[in-house]
>>> print(open('protein.cif').read())   # mmCIF, C-alpha atoms and all ligand atoms
data_model
loop_
_atom_site.label_atom_id
_atom_site.label_comp_id
_atom_site.auth_asym_id
_atom_site.auth_seq_id
_atom_site.Cartn_x
_atom_site.Cartn_y
_atom_site.Cartn_z
CA MET M 1 -17.64 5.60 -2.10
CA TYR M 2 -18.33 8.10 -4.90
CA THR M 3 -22.12 7.47 -4.97
CA PHE M 4 -22.92 11.10 -5.72
CA ILE M 5 -20.05 11.83 -8.08
CA LYS M 6 -20.98 8.75 -10.05
CA LYS M 7 -24.48 10.09 -10.72
CA GLN M 8 -23.52 13.69 -11.28
CA ASP M 9 -20.10 13.61 -12.91
CA PRO M 10 -19.10 10.18 -14.25
CA LYS M 11 -15.98 11.59 -15.91
CA ILE M 12 -14.49 12.61 -12.58
CA GLU M 13 -15.67 9.38 -11.01
CA GLU M 14 -13.76 7.40 -13.61
CA ILE M 15 -10.58 9.36 -12.92
CA LEU M 16 -10.93 8.87 -9.16
CA ARG M 17 -11.43 5.14 -9.63
CA GLY M 18 -8.35 4.99 -11.82
CA GLU M 19 -6.28 6.62 -9.10
CA GLU M 20 -7.75 4.29 -6.45
CA LYS M 21 -6.75 1.30 -8.57
CA ARG M 22 -3.26 2.70 -9.18
CA GLN M 23 -2.74 3.13 -5.45
CA ARG M 24 -4.17 -0.30 -4.67
CA GLU M 25 -2.21 -2.35 -7.21
CA GLY M 26 1.09 -0.50 -7.36
CA LEU M 27 3.68 0.08 -4.69
CA GLU M 28 4.30 3.56 -3.39
CA LEU M 29 7.95 4.16 -2.57
CA ILE M 30 7.98 7.95 -2.77
CA PRO M 31 9.20 8.74 0.76
CA SER M 32 7.00 11.83 1.10
CA GLU M 33 3.78 9.92 0.43
CA ASN M 34 1.53 7.81 2.58
CA TYR M 35 -2.03 6.48 2.92
CA VAL M 36 -4.41 8.20 5.34
CA SER M 37 -7.11 6.44 7.33
CA ARG M 38 -10.80 6.55 6.43
CA ALA M 39 -11.34 8.68 9.54
CA VAL M 40 -8.93 11.30 8.19
CA LYS M 41 -10.70 11.18 4.80
CA GLU M 42 -14.11 11.58 6.42
CA ALA M 43 -12.93 14.73 8.19
CA MET M 44 -11.57 16.11 4.91
CA ALA M 45 -14.87 15.47 3.19
CA SER M 46 -16.87 17.11 6.01
CA SER M 47 -19.04 20.24 5.89
CA LEU M 48 -16.33 22.23 7.61
CA THR M 49 -15.14 23.02 4.07
CA ASN M 50 -18.15 25.37 3.85
CA LYS M 51 -16.99 27.60 6.69
CA TYR M 52 -14.95 30.80 6.80
CA SER M 53 -12.97 31.13 10.04
CA GLU M 54 -10.36 33.84 9.56
CA GLY M 55 -8.61 34.46 12.85
CA TYR M 56 -7.92 32.06 15.70
CA PRO M 57 -10.14 30.24 18.25
CA GLY M 58 -12.05 32.84 20.27
CA ARG M 59 -10.90 35.68 17.96
CA ARG M 60 -12.57 35.29 14.57
CA TYR M 61 -13.70 37.74 11.91
CA TYR M 62 -16.96 35.84 11.21
CA GLY M 63 -19.78 34.43 13.35
CA GLY M 64 -20.83 30.81 13.66
CA GLN M 65 -17.56 29.54 15.07
CA GLU M 66 -18.86 27.27 17.84
CA PHE M 67 -17.52 24.09 16.21
CA THR M 68 -14.57 25.45 14.25
CA ASP M 69 -13.14 26.84 17.51
CA GLN M 70 -13.50 23.43 19.14
CA VAL M 71 -11.86 21.56 16.30
CA GLU M 72 -8.94 23.96 15.89
CA THR M 73 -8.33 23.99 19.65
CA LEU M 74 -8.24 20.19 19.69
CA ALA M 75 -5.84 20.10 16.75
CA ILE M 76 -3.55 22.59 18.53
CA GLU M 77 -3.64 20.72 21.85
CA ARG M 78 -2.87 17.39 20.19
CA ALA M 79 -0.05 18.83 18.09
CA LYS M 80 1.54 20.37 21.20
CA LYS M 81 1.36 17.08 23.06
CA LEU M 82 2.72 15.11 20.13
CA PHE M 83 5.87 17.22 19.79
CA GLY M 84 6.32 18.60 23.31
CA ALA M 85 5.71 22.19 22.21
CA LYS M 86 4.12 25.01 24.18
CA TYR M 87 2.51 26.61 21.12
CA ALA M 88 1.27 25.37 17.74
CA ASN M 89 -0.23 26.89 14.60
CA VAL M 90 -2.25 24.36 12.60
CA GLN M 91 -3.38 26.71 9.81
CA PRO M 92 -0.55 26.55 7.22
CA LEU M 93 -1.97 25.09 4.02
CA GLY M 94 1.19 23.16 3.26
CA GLY M 95 4.83 22.76 4.18
CA ALA M 96 6.02 25.51 1.84
CA ASN M 97 3.41 27.88 3.30
CA ALA M 98 4.57 27.04 6.81
CA ASN M 99 8.17 27.87 5.90
CA ILE M 100 7.32 31.12 4.14
CA ALA M 101 5.16 32.29 7.06
CA MET M 102 7.98 31.33 9.44
CA TYR M 103 10.50 33.40 7.44
CA PHE M 104 8.24 36.44 7.45
CA ALA M 105 7.60 36.04 11.17
CA LEU M 106 11.27 35.95 12.11
CA LEU M 107 13.07 38.03 9.47
CA GLU M 108 13.23 41.49 7.96
CA PRO M 109 13.86 41.81 4.21
CA GLY M 110 17.55 41.27 3.52
CA ASP M 111 18.13 39.11 6.61
CA THR M 112 20.11 35.92 6.22
CA VAL M 113 19.19 32.25 6.64
CA LEU M 114 21.81 29.52 6.80
CA GLY M 115 20.21 26.38 5.33
CA MET M 116 21.06 22.99 3.84
CA ASP M 117 22.17 22.98 0.21
CA LEU M 118 19.46 21.62 -2.09
CA SER M 119 21.87 19.27 -3.85
CA HIS M 120 22.88 17.88 -0.45
CA GLY M 121 19.31 17.14 0.62
CA GLY M 122 17.72 20.51 1.41
CA HIS M 123 14.33 21.65 0.11
CA LEU M 124 13.32 24.22 -2.53
CA THR M 125 11.87 26.42 0.22
CA HIS M 126 15.28 26.56 1.89
CA GLY M 127 16.46 29.18 -0.56
CA HIS M 128 16.62 27.66 -4.02
CA PRO M 129 17.09 30.48 -6.56
CA VAL M 130 13.89 29.50 -8.44
CA THR M 131 11.75 30.45 -5.41
CA TYR M 132 10.52 34.03 -4.99
CA ILE M 133 11.42 34.02 -1.31
CA THR M 134 15.06 34.47 -2.37
CA LYS M 135 14.15 37.92 -3.71
CA ILE M 136 13.40 38.97 -0.16
CA PHE M 137 15.74 37.06 2.13
CA ASN M 138 19.33 36.06 1.76
CA PHE M 139 20.06 32.32 1.81
CA ILE M 140 23.49 30.89 2.44
CA ARG M 141 24.06 27.16 2.32
CA TYR M 142 25.95 24.56 4.26
CA LYS M 143 26.85 21.11 2.96
CA MET M 144 28.00 17.67 4.00
CA LYS M 145 31.66 17.25 4.76
CA ASP M 146 31.67 13.70 3.46
CA VAL M 147 28.91 12.41 1.17
CA GLU M 148 29.91 8.81 1.91
CA THR M 149 29.04 9.17 5.63
CA GLY M 150 26.62 12.10 5.48
CA GLU M 151 28.41 14.06 8.16
CA ILE M 152 27.58 17.74 7.99
CA ASP M 153 30.53 20.09 8.00
CA TYR M 154 29.74 21.69 11.37
CA ALA M 155 33.14 23.41 11.64
CA GLU M 156 32.52 25.15 8.31
CA MET M 157 28.92 25.93 9.34
CA ARG M 158 30.22 27.64 12.49
CA LYS M 159 32.84 29.59 10.58
CA VAL M 160 30.30 30.78 8.00
CA ALA M 161 27.71 31.58 10.67
CA LYS M 162 30.17 33.76 12.56
CA LYS M 163 30.94 35.65 9.38
CA ILE M 164 27.46 36.13 7.91
CA LYS M 165 25.47 36.38 11.19
CA PRO M 166 22.30 34.60 10.07
CA LYS M 167 19.01 35.25 11.91
CA ILE M 168 17.96 31.64 11.35
CA ILE M 169 19.96 28.44 11.21
CA LEU M 170 17.71 26.03 9.39
CA ALA M 171 17.99 22.28 9.72
CA GLY M 172 15.93 19.73 7.83
CA PHE M 173 15.80 18.12 4.46
CA SER M 174 13.85 16.22 1.87
CA ALA M 175 16.61 13.90 0.68
CA TYR M 176 19.00 13.25 3.56
CA PRO M 177 19.00 9.81 5.18
CA ARG M 178 20.81 10.57 8.45
CA GLU M 179 20.00 12.12 11.81
CA LEU M 180 21.42 15.56 12.36
CA ASN M 181 23.54 16.59 15.30
CA TYR M 182 20.90 18.92 16.77
CA LYS M 183 23.13 19.89 19.67
CA LYS M 184 25.72 21.33 17.28
CA PHE M 185 23.05 23.29 15.39
CA VAL M 186 21.73 24.83 18.59
CA SER M 187 25.16 25.68 19.99
CA ILE M 188 26.17 27.42 16.74
CA ALA M 189 22.83 29.26 16.64
CA ARG M 190 23.22 30.46 20.23
CA GLU M 191 26.81 31.52 19.58
CA VAL M 192 25.82 33.82 16.71
CA GLY M 193 22.43 34.91 18.10
CA ALA M 194 20.34 33.03 15.53
CA LEU M 195 17.17 31.04 16.02
CA ALA M 196 17.40 27.29 15.46
CA VAL M 197 14.59 26.12 13.20
CA MET M 198 13.99 22.54 12.07
CA ASP M 199 11.97 21.75 8.96
CA ALA M 200 10.82 18.26 9.91
CA ALA M 201 8.49 17.83 6.91
CA HIS M 202 9.86 14.40 6.08
CA ILE M 203 10.47 12.93 9.52
CA ALA M 204 7.68 14.48 11.63
CA GLY M 205 6.04 11.06 11.97
CA LEU M 206 9.29 9.51 13.12
CA ILE M 207 9.69 12.25 15.73
CA ALA M 208 6.06 11.99 16.84
CA GLY M 209 6.39 8.20 17.06
CA LYS M 210 9.62 8.58 19.08
CA ALA M 211 11.61 6.64 16.48
CA ALA M 212 13.78 9.70 15.80
CA LYS M 213 15.22 12.38 18.07
CA ASN M 214 13.05 15.39 18.81
CA PRO M 215 14.87 18.67 17.97
CA PHE M 216 13.04 20.38 20.85
CA ASP M 217 14.91 18.11 23.30
CA TYR M 218 18.10 19.82 22.10
CA GLY M 219 16.83 23.36 22.37
CA PHE M 220 15.50 24.06 18.86
CA ASP M 221 13.19 27.09 18.92
CA ILE M 222 10.78 26.18 16.14
CA ILE M 223 9.76 23.15 14.09
CA THR M 224 7.92 23.54 10.79
CA THR M 225 6.47 20.47 9.10
CA THR M 226 3.99 19.00 6.70
CA THR M 227 1.26 16.79 8.09
CA HIS M 228 0.94 14.39 5.13
CA LYS M 229 4.28 12.63 4.92
CA THR M 230 5.42 10.24 7.69
CA LEU M 231 2.90 11.91 10.02
CA ARG M 232 0.18 10.27 7.89
CA GLY M 233 -2.37 13.07 8.03
CA PRO M 234 -4.11 15.22 5.40
CA ARG M 235 -2.07 17.49 3.13
CA GLY M 236 -1.12 20.52 5.18
CA GLY M 237 1.43 22.35 7.27
CA LEU M 238 2.10 22.88 10.96
CA ILE M 239 4.36 25.21 12.95
CA LEU M 240 5.42 24.34 16.50
CA ILE M 241 7.07 26.73 18.94
CA ARG M 242 8.98 25.14 21.81
CA LYS M 243 8.31 27.74 24.53
CA ASP M 244 8.70 31.40 23.54
CA GLU M 245 5.39 33.27 23.67
CA GLU M 246 6.68 36.24 21.66
CA LEU M 247 7.80 33.91 18.88
CA ALA M 248 4.40 32.19 18.93
CA LYS M 249 2.64 35.56 18.57
CA LYS M 250 4.86 36.48 15.62
CA ILE M 251 4.19 33.14 13.93
CA ASN M 252 0.43 33.48 14.39
CA LYS M 253 0.43 36.99 12.94
CA ALA M 254 2.54 35.88 9.99
CA VAL M 255 0.30 32.91 9.09
CA PHE M 256 -2.85 35.04 9.38
CA PRO M 257 -3.34 37.80 8.36
CA GLY M 258 0.24 38.15 7.14
CA PHE M 259 0.33 35.44 4.54
CA GLN M 260 -2.84 33.34 4.32
CA GLY M 261 -6.59 33.98 4.24
CA GLY M 262 -9.28 31.75 5.71
CA PRO M 263 -8.01 28.49 7.19
CA HIS M 264 -9.15 25.22 5.64
CA MET M 265 -11.17 23.94 8.57
CA HIS M 266 -11.93 20.53 7.06
CA GLN M 267 -8.18 19.97 6.75
CA ILE M 268 -7.66 21.18 10.31
CA ALA M 269 -10.28 18.67 11.51
CA ALA M 270 -8.44 15.98 9.56
CA LYS M 271 -5.15 17.09 11.13
CA ALA M 272 -6.76 16.73 14.57
CA VAL M 273 -7.87 13.18 13.67
CA ALA M 274 -4.40 12.28 12.38
CA PHE M 275 -2.71 13.76 15.48
CA GLY M 276 -5.11 11.65 17.57
CA GLU M 277 -3.97 8.57 15.67
CA ALA M 278 -0.31 9.53 16.12
CA LEU M 279 -0.78 9.87 19.89
CA ARG M 280 -1.74 6.18 20.17
CA PRO M 281 0.81 3.46 21.02
CA SER M 282 0.17 1.80 17.64
CA PHE M 283 1.76 4.79 15.90
CA LYS M 284 5.00 4.27 17.84
CA LYS M 285 5.08 0.74 16.47
CA TYR M 286 4.43 2.08 12.97
CA ALA M 287 7.27 4.63 13.21
CA LYS M 288 9.71 1.98 14.47
CA GLN M 289 8.72 -0.39 11.69
CA ILE M 290 9.39 2.30 9.05
CA ILE M 291 13.03 2.38 10.17
CA LYS M 292 13.33 -1.41 10.49
CA ASN M 293 12.03 -1.68 6.94
CA THR M 294 14.50 0.89 5.62
CA HIS M 295 17.32 -1.07 7.25
CA ALA M 296 16.08 -4.27 5.61
CA MET M 297 16.20 -2.60 2.17
CA GLU M 298 19.57 -1.04 2.93
CA LYS M 299 20.97 -4.49 3.71
CA VAL M 300 19.92 -5.84 0.31
CA PHE M 301 21.49 -2.94 -1.59
CA LYS M 302 24.64 -3.24 0.50
CA GLY M 303 24.79 -6.94 -0.36
CA HIS M 304 24.85 -5.93 -4.04
CA LYS M 305 27.56 -3.36 -3.40
CA ALA M 306 25.24 -0.59 -4.58
CA ARG M 307 26.25 2.98 -3.74
CA MET M 308 23.89 4.67 -1.31
CA LEU M 309 24.56 8.31 -0.50
CA THR M 310 25.80 8.67 3.08
CA GLY M 311 26.40 4.91 3.07
CA GLY M 312 22.85 3.94 4.04
CA SER M 313 20.03 5.33 6.14
CA ASP M 314 18.90 6.07 9.72
CA ASN M 315 15.40 7.12 8.73
CA HIS M 316 12.66 6.35 6.20
CA LEU M 317 14.49 7.00 2.93
CA ILE M 318 17.39 5.83 0.81
CA LEU M 319 19.19 7.81 -1.86
CA LEU M 320 20.68 5.39 -4.35
CA ASP M 321 23.30 6.28 -6.93
CA GLY M 322 21.76 4.27 -9.79
CA TRP M 323 24.32 5.57 -12.27
CA LYS M 324 27.34 4.32 -10.36
CA SER M 325 25.65 1.18 -9.02
CA PHE M 326 23.88 -0.14 -12.12
CA GLY M 327 24.80 2.19 -14.98
CA VAL M 328 21.19 3.48 -15.03
CA SER M 329 20.38 7.18 -14.80
CA GLY M 330 17.79 8.35 -12.28
CA GLY M 331 15.32 9.18 -15.03
CA GLU M 332 15.63 5.78 -16.68
CA ALA M 333 15.42 3.98 -13.34
CA GLU M 334 12.26 5.92 -12.43
CA LYS M 335 10.62 4.93 -15.73
CA LEU M 336 11.69 1.26 -15.61
CA LEU M 337 10.47 0.80 -12.05
CA ASP M 338 7.25 2.70 -12.78
CA ARG M 339 6.49 0.16 -15.52
CA ALA M 340 7.02 -2.58 -12.95
CA GLY M 341 4.49 -0.94 -10.58
CA ILE M 342 7.02 0.67 -8.26
CA THR M 343 6.58 4.41 -7.88
CA LEU M 344 9.57 6.47 -6.79
CA ASN M 345 11.42 9.53 -8.00
CA LYS M 346 14.66 10.42 -9.69
CA ASN M 347 16.79 12.63 -7.50
CA ALA M 348 19.98 14.61 -7.83
CA ILE M 349 22.72 13.39 -5.55
CA ALA M 350 25.41 15.46 -3.86
CA ASP M 351 27.99 16.68 -6.39
CA ASP M 352 25.98 15.07 -9.20
CA THR M 353 27.85 14.76 -12.48
CA ARG M 354 24.59 14.44 -14.44
CA LYS M 355 21.96 17.07 -15.29
CA PRO M 356 19.02 17.87 -12.92
CA MET M 357 16.43 16.62 -15.46
CA ASP M 358 18.12 13.21 -15.56
CA PRO M 359 20.29 12.97 -12.47
CA SER M 360 22.29 10.03 -11.10
CA GLY M 361 20.06 9.05 -8.22
CA ILE M 362 16.70 7.69 -7.18
CA ARG M 363 15.07 8.41 -3.84
CA PHE M 364 12.70 5.97 -2.20
CA GLY M 365 11.38 5.08 1.21
CA THR M 366 9.22 2.86 3.34
CA PRO M 367 6.44 4.94 5.02
CA ALA M 368 3.62 3.98 2.62
CA MET M 369 4.63 0.30 2.34
CA THR M 370 4.83 0.13 6.13
CA THR M 371 1.26 1.47 6.37
CA ARG M 372 0.25 -1.44 4.12
CA GLY M 373 1.73 -3.85 6.66
CA PHE M 374 4.95 -4.68 4.85
CA LYS M 375 7.60 -6.05 7.18
CA GLU M 376 11.33 -6.65 6.68
CA LYS M 377 10.86 -9.76 4.56
CA GLU M 378 8.53 -8.11 2.04
CA VAL M 379 10.50 -4.88 1.67
CA ALA M 380 13.71 -6.86 1.22
CA ARG M 381 11.99 -8.69 -1.65
CA VAL M 382 10.97 -5.33 -3.15
CA ALA M 383 14.62 -4.23 -3.01
CA GLU M 384 15.65 -7.43 -4.78
CA ILE M 385 13.02 -6.90 -7.46
CA MET M 386 14.31 -3.35 -7.95
CA ILE M 387 17.83 -4.69 -8.43
CA GLU M 388 16.62 -7.36 -10.87
CA VAL M 389 14.87 -4.73 -13.02
CA LEU M 390 17.73 -2.22 -12.89
CA THR M 391 20.26 -4.89 -13.80
CA ALA M 392 18.37 -6.68 -16.60
CA ARG M 393 16.49 -3.67 -18.07
CA THR M 394 14.50 -5.93 -20.43
CA ASP M 395 10.75 -6.06 -21.13
CA ALA M 396 10.68 -9.61 -19.79
CA ALA M 397 12.27 -8.58 -16.49
CA VAL M 398 9.85 -5.65 -16.16
CA ALA M 399 6.84 -7.90 -16.86
CA LYS M 400 7.97 -10.49 -14.33
CA ALA M 401 8.57 -7.79 -11.71
CA LYS M 402 5.20 -6.20 -12.38
CA LYS M 403 3.39 -9.46 -11.74
CA GLU M 404 5.16 -10.03 -8.45
CA ILE M 405 4.72 -6.42 -7.29
CA LYS M 406 0.98 -6.56 -7.97
CA LYS M 407 0.72 -9.78 -6.00
CA LEU M 408 2.65 -8.30 -3.08
CA ALA M 409 0.47 -5.18 -3.15
CA LEU M 410 -2.85 -7.03 -3.34
CA SER M 411 -1.85 -9.35 -0.49
CA HIS M 412 -1.23 -6.23 1.64
CA PRO M 413 -4.31 -4.07 1.05
CA ILE M 414 -4.32 -0.43 2.15
CA PRO M 415 -5.91 -0.58 5.63
CA GLU M 416 -9.07 1.49 6.14
CA SER M 417 -8.75 1.97 9.85
CA PHE M 418 -5.59 2.94 11.74
CA LYS M 419 -6.94 2.54 15.28
C1 LIG B 501 7.75 18.39 1.44
C2 LIG B 501 8.58 19.42 2.05
C3 LIG B 501 8.15 20.76 2.14
C4 LIG B 501 6.96 21.30 1.40
O1 LIG B 501 5.74 20.77 1.68
P1 LIG B 501 4.49 21.07 0.71
O2 LIG B 501 3.34 20.63 1.55
O3 LIG B 501 4.70 20.30 -0.52
O4 LIG B 501 4.45 22.54 0.47
C5 LIG B 501 8.95 21.66 2.85
N1 LIG B 501 10.10 21.27 3.40
C6 LIG B 501 10.57 20.01 3.30
C7 LIG B 501 11.86 19.65 3.93
C8 LIG B 501 9.83 19.05 2.60
O5 LIG B 501 10.31 17.82 2.48
#
>>> encode(input="protein.cif", output="structure tokens")
Amino acid sequence: MYTFIKKQDPKIEEILRGEEKRQREGLELIPSENYVSRAVKEAMASSLTNKYSEGYPGRRYYGGQEFTDQVETLAIERAKKLFGAKYANVQPLGGANANIAMYFALLEPGDTVLGMDLSHGGHLTHGHPVTYITKIFNFIRYKMKDVETGEIDYAEMRKVAKKIKPKIILAGFSAYPRELNYKKFVSIAREVGALAVMDAAHIAGLIAGKAAKNPFDYGFDIITTTTHKTLRGPRGGLILIRKDEELAKKINKAVFPGFQGGPHMHQIAAKAVAFGEALRPSFKKYAKQIIKNTHAMEKVFKGHKARMLTGGSDNHLILLDGWKSFGVSGGEAEKLLDRAGITLNKNAIADDTRKPMDPSGIRFGTPAMTTRGFKEKEVARVAEIMIEVLTARTDAAVAKAKKEIKKLALSHPIPESFK
């Protein structure tokens, strides 16, 4: 790799090699990250990056679309099959873009969305005041009833929905370790005449691999997602429409020309490759193992009486209250573990008593480790190492952990092929 960059631009080559080494020797526990296959990387590095293809297959604004039409059609067909959707748009450049296009497709300025509170696990794009989208649409939030079990307050959600009449009831999260009661979401949405939309950015791979429930099986109208988290594809977004043709038309118009310009065809080709991988039986095994691994880590933290938000996890991530469990703030825990070769992120927890820049929690997960072939035994050891570092907080403990983490990582190299 990097033959040409090396000759032409050694500075960049050095940086790329540094990042390769960091990924190889450290352990990635950020739950929204993963390693893609060489096949996905080859598609991303292909000449499709040279091509303008504004429009959709068969209806483009430029000539020369013989191959772009084929690749986008394949990506769409595979995405539909993977999620049981009748329509799919594979052009969103990322998860945030997918959500913004979805809002513009379904709402008029001033319309209301009922979405998960950010501090209870929702995402910035679900109406955080720092995002510009809140200047246009009105976001009202729902929360958990009990942060120790993770149960959403559906009675309150219904009461609020009846009062504010949202156009969209939005499910989905970036820091919530439990499955949602999709049936309740849909019944409340139907009752108040709202659309039920799921932002599955984090768990799309679990849904595709049938290790988590599919919101479409419960009547959700739309799923938005990223393609680069548990789904293990290139960075990008995806919008799926269960069955309504009018909705699909609105979504397509909103993505292009409403919001984006020319689609990134090399990324779309890479999405098609990743969807192809996710359609294979081996991906089902991968998705199942992600959850088995989370449970193995959960068991270790439970054994140490650590406080996990919602009491544990049903999916790929754990939200640990480091402050209450070990007397370590999220920021300090992130730094300590980073020095030991474990990458994860500090995270605010529900009803956090600390400040957002140094909150109480850390968030971590198993998708990337599982891609490396880690099983229950290895991830349980990682959890123990984390506890050792967070308890001792000495240079000696960090150095010892670092050595063991590097050994664990190097004995489980990032696989090149995901056949
Ligand atoms: C990651 C994420 C997004 C945003 O994805 P980007 O590709 O970073 O724009 C949107 N929604 C949720 C729930 C996410 O977790």
>>> residues_around(input="protein.cif", residues="Lys80 of chain M", least_positions_apart="3", cutoff="12 Å", atoms="only C-alpha atoms", output="list in words")
Thr73, Leu74, Ala75, Ile76, Glu77, Phe83, Gly84, Ala85, Lys86, Tyr87, Ala88, Asn89, Val90, Ala208, Phe216, Ile223, Leu238, Ile239, Leu240, Ile241, Arg242, Lys243, Ala272, Phe275, Gly276 and Leu279 of chain M
>>> residues_near_ligand(input="protein.cif", ligand="ligand LIG 501 (chain B)", cutoff="9 Å", atoms="all atoms listed in the file", output="PDB file with C-alpha atoms, keeping the file's coordinate frame")
ATOM      1  CA  SER M  32       7.000  11.830   1.100  1.00  0.00           C
ATOM      2  CA  LEU M  93      -1.970  25.090   4.020  1.00  0.00           C
ATOM      3  CA  GLY M  94       1.190  23.160   3.260  1.00  0.00           C
ATOM      4  CA  GLY M  95       4.830  22.760   4.180  1.00  0.00           C
ATOM      5  CA  ALA M  96       6.020  25.510   1.840  1.00  0.00           C
ATOM      6  CA  ASN M  97       3.410  27.880   3.300  1.00  0.00           C
ATOM      7  CA  ALA M  98       4.570  27.040   6.810  1.00  0.00           C
ATOM      8  CA  ASN M  99       8.170  27.870   5.900  1.00  0.00           C
ATOM      9  CA  GLY M 121      19.310  17.140   0.620  1.00  0.00           C
ATOM     10  CA  GLY M 122      17.720  20.510   1.410  1.00  0.00           C
ATOM     11  CA  HIS M 123      14.330  21.650   0.110  1.00  0.00           C
ATOM     12  CA  LEU M 124      13.320  24.220  -2.530  1.00  0.00           C
ATOM     13  CA  THR M 125      11.870  26.420   0.220  1.00  0.00           C
ATOM     14  CA  HIS M 126      15.280  26.560   1.890  1.00  0.00           C
ATOM     15  CA  ALA M 171      17.990  22.280   9.720  1.00  0.00           C
ATOM     16  CA  GLY M 172      15.930  19.730   7.830  1.00  0.00           C
ATOM     17  CA  PHE M 173      15.800  18.120   4.460  1.00  0.00           C
ATOM     18  CA  SER M 174      13.850  16.220   1.870  1.00  0.00           C
ATOM     19  CA  ALA M 175      16.610  13.900   0.680  1.00  0.00           C
ATOM     20  CA  MET M 198      13.990  22.540  12.070  1.00  0.00           C
ATOM     21  CA  ASP M 199      11.970  21.750   8.960  1.00  0.00           C
ATOM     22  CA  ALA M 200      10.820  18.260   9.910  1.00  0.00           C
ATOM     23  CA  ALA M 201       8.490  17.830   6.910  1.00  0.00           C
ATOM     24  CA  HIS M 202       9.860  14.400   6.080  1.00  0.00           C
ATOM     25  CA  ILE M 203      10.470  12.930   9.520  1.00  0.00           C
ATOM     26  CA  THR M 224       7.920  23.540  10.790  1.00  0.00           C
ATOM     27  CA  THR M 225       6.470  20.470   9.100  1.00  0.00           C
ATOM     28  CA  THR M 226       3.990  19.000   6.700  1.00  0.00           C
ATOM     29  CA  THR M 227       1.260  16.790   8.090  1.00  0.00           C
ATOM     30  CA  HIS M 228       0.940  14.390   5.130  1.00  0.00           C
ATOM     31  CA  LYS M 229       4.280  12.630   4.920  1.00  0.00           C
ATOM     32  CA  ARG M 235      -2.070  17.490   3.130  1.00  0.00           C
ATOM     33  CA  GLY M 236      -1.120  20.520   5.180  1.00  0.00           C
ATOM     34  CA  GLY M 237       1.430  22.350   7.270  1.00  0.00           C
TER      35      GLY M 237
END
>>> closest_atom_pairs(input="protein.cif", of="segment 286-324 of chain M", to="segment 375-386 of chain M", cutoff="8 Å", atoms="all atoms listed in the file", output="JSON lines")
{"residue": "M:Gln289", "atom": "CA", "partner": "M:Lys375", "partner_atom": "CA", "distance": 7.3}
{"residue": "M:Lys292", "atom": "CA", "partner": "M:Glu376", "partner_atom": "CA", "distance": 6.8}
{"residue": "M:Asn293", "atom": "CA", "partner": "M:Glu376", "partner_atom": "CA", "distance": 5.0}
{"residue": "M:Ala296", "atom": "CA", "partner": "M:Glu376", "partner_atom": "CA", "distance": 5.4}
{"residue": "M:Met297", "atom": "CA", "partner": "M:Ala380", "partner_atom": "CA", "distance": 5.0}
{"residue": "M:Val300", "atom": "CA", "partner": "M:Ala380", "partner_atom": "CA", "distance": 6.4}
{"residue": "M:Phe301", "atom": "CA", "partner": "M:Ala383", "partner_atom": "CA", "distance": 7.1}
>>> write_last_selection(input="protein.cif", atoms="C-alpha atoms", output="PDB file, in the frame of the given file")
ATOM      1  CA  GLN M 289       8.720  -0.390  11.690  1.00  0.00           C
ATOM      2  CA  LYS M 292      13.330  -1.410  10.490  1.00  0.00           C
ATOM      3  CA  ASN M 293      12.030  -1.680   6.940  1.00  0.00           C
ATOM      4  CA  ALA M 296      16.080  -4.270   5.610  1.00  0.00           C
ATOM      5  CA  MET M 297      16.200  -2.600   2.170  1.00  0.00           C
ATOM      6  CA  VAL M 300      19.920  -5.840   0.310  1.00  0.00           C
ATOM      7  CA  PHE M 301      21.490  -2.940  -1.590  1.00  0.00           C
TER       8      PHE M 301
END
>>> axis_aligned_box(input="protein.cif", around="segment 225-240 of chain M", padding_each_side="5 Å", output="JSON")
{"center_x": 1.2, "center_y": 17.7, "center_z": 9.8, "size_x": 20.6, "size_y": 25.0, "size_z": 23.4}
>>> residues_around(input="protein.cif", residues="Ile169 of chain M", least_positions_apart="2", cutoff="10 Å", atoms="only C-alpha atoms", output="list in words")
Thr112, Val113, Leu114, Gly115, Met116, Ile140, Arg141, Tyr142, Met157, Ala161, Lys165, Pro166, Lys167, Ala171, Phe185, Val186, Ile188, Ala189, Arg190, Val192, Gly193, Ala194, Leu195, Ala196, Val197, Met198 and Phe220 of chain M
>>> residues_around(input="protein.cif", residues="Ala211 of chain M", least_positions_apart="6", cutoff="12 Å", atoms="all atoms listed in the file", output="list in words")
Glu179, Ile203, Ala204, Gly205, Thr230, Phe283, Lys284, Lys285, Tyr286, Ala287, Lys288, Gln289, Ile290, Ile291, Lys292, Asp314, Asn315 and His316 of chain M
>>> atom_distance(input="protein.cif", atom1="atom CA of Glu33 of chain M", atom2="atom CA of Ile342 of chain M")
13.1 Å
>>> closest_residue(input="protein.cif", among="M:Arg22, M:Gly110, M:Leu118, M:Lys6", to="Ala409 of chain M", atoms="all atoms listed in the file")
M:Arg22
>>> atom_distance(input="protein.cif", atom1="atom CA of His120 of chain M", atom2="atom CA of Ala350 of chain M")
4.9 Å
>>> atom_distance(input="protein.cif", atom1="atom CA of Asn138 of chain M", atom2="atom CA of Leu107 of chain M")
10.1 Å
>>> closest_residue(input="protein.cif", among="M:His128, M:Lys400, M:Arg17, M:Arg372", to="Ser417 of chain M", atoms="all atoms listed in the file")
M:Arg372
>>> residues_around(input="protein.cif", residues="Ala39 of chain M", least_positions_apart="4", cutoff="8 Å", atoms="all atoms listed in the file", output="VMD selection string")
chain M and resid 43 270 273 417
>>> write_last_selection(input="protein.cif", atoms="C-alpha atoms", output="short mmCIF file (atom, residue, chain, number, x, y, z; two decimals), in the coordinates of the input")
data_model
loop_
_atom_site.label_atom_id
_atom_site.label_comp_id
_atom_site.auth_asym_id
_atom_site.auth_seq_id
_atom_site.Cartn_x
_atom_site.Cartn_y
_atom_site.Cartn_z
CA ALA M 43 -12.93 14.73 8.19
CA ALA M 270 -8.44 15.98 9.56
CA VAL M 273 -7.87 13.18 13.67
CA SER M 417 -8.75 1.97 9.85
#
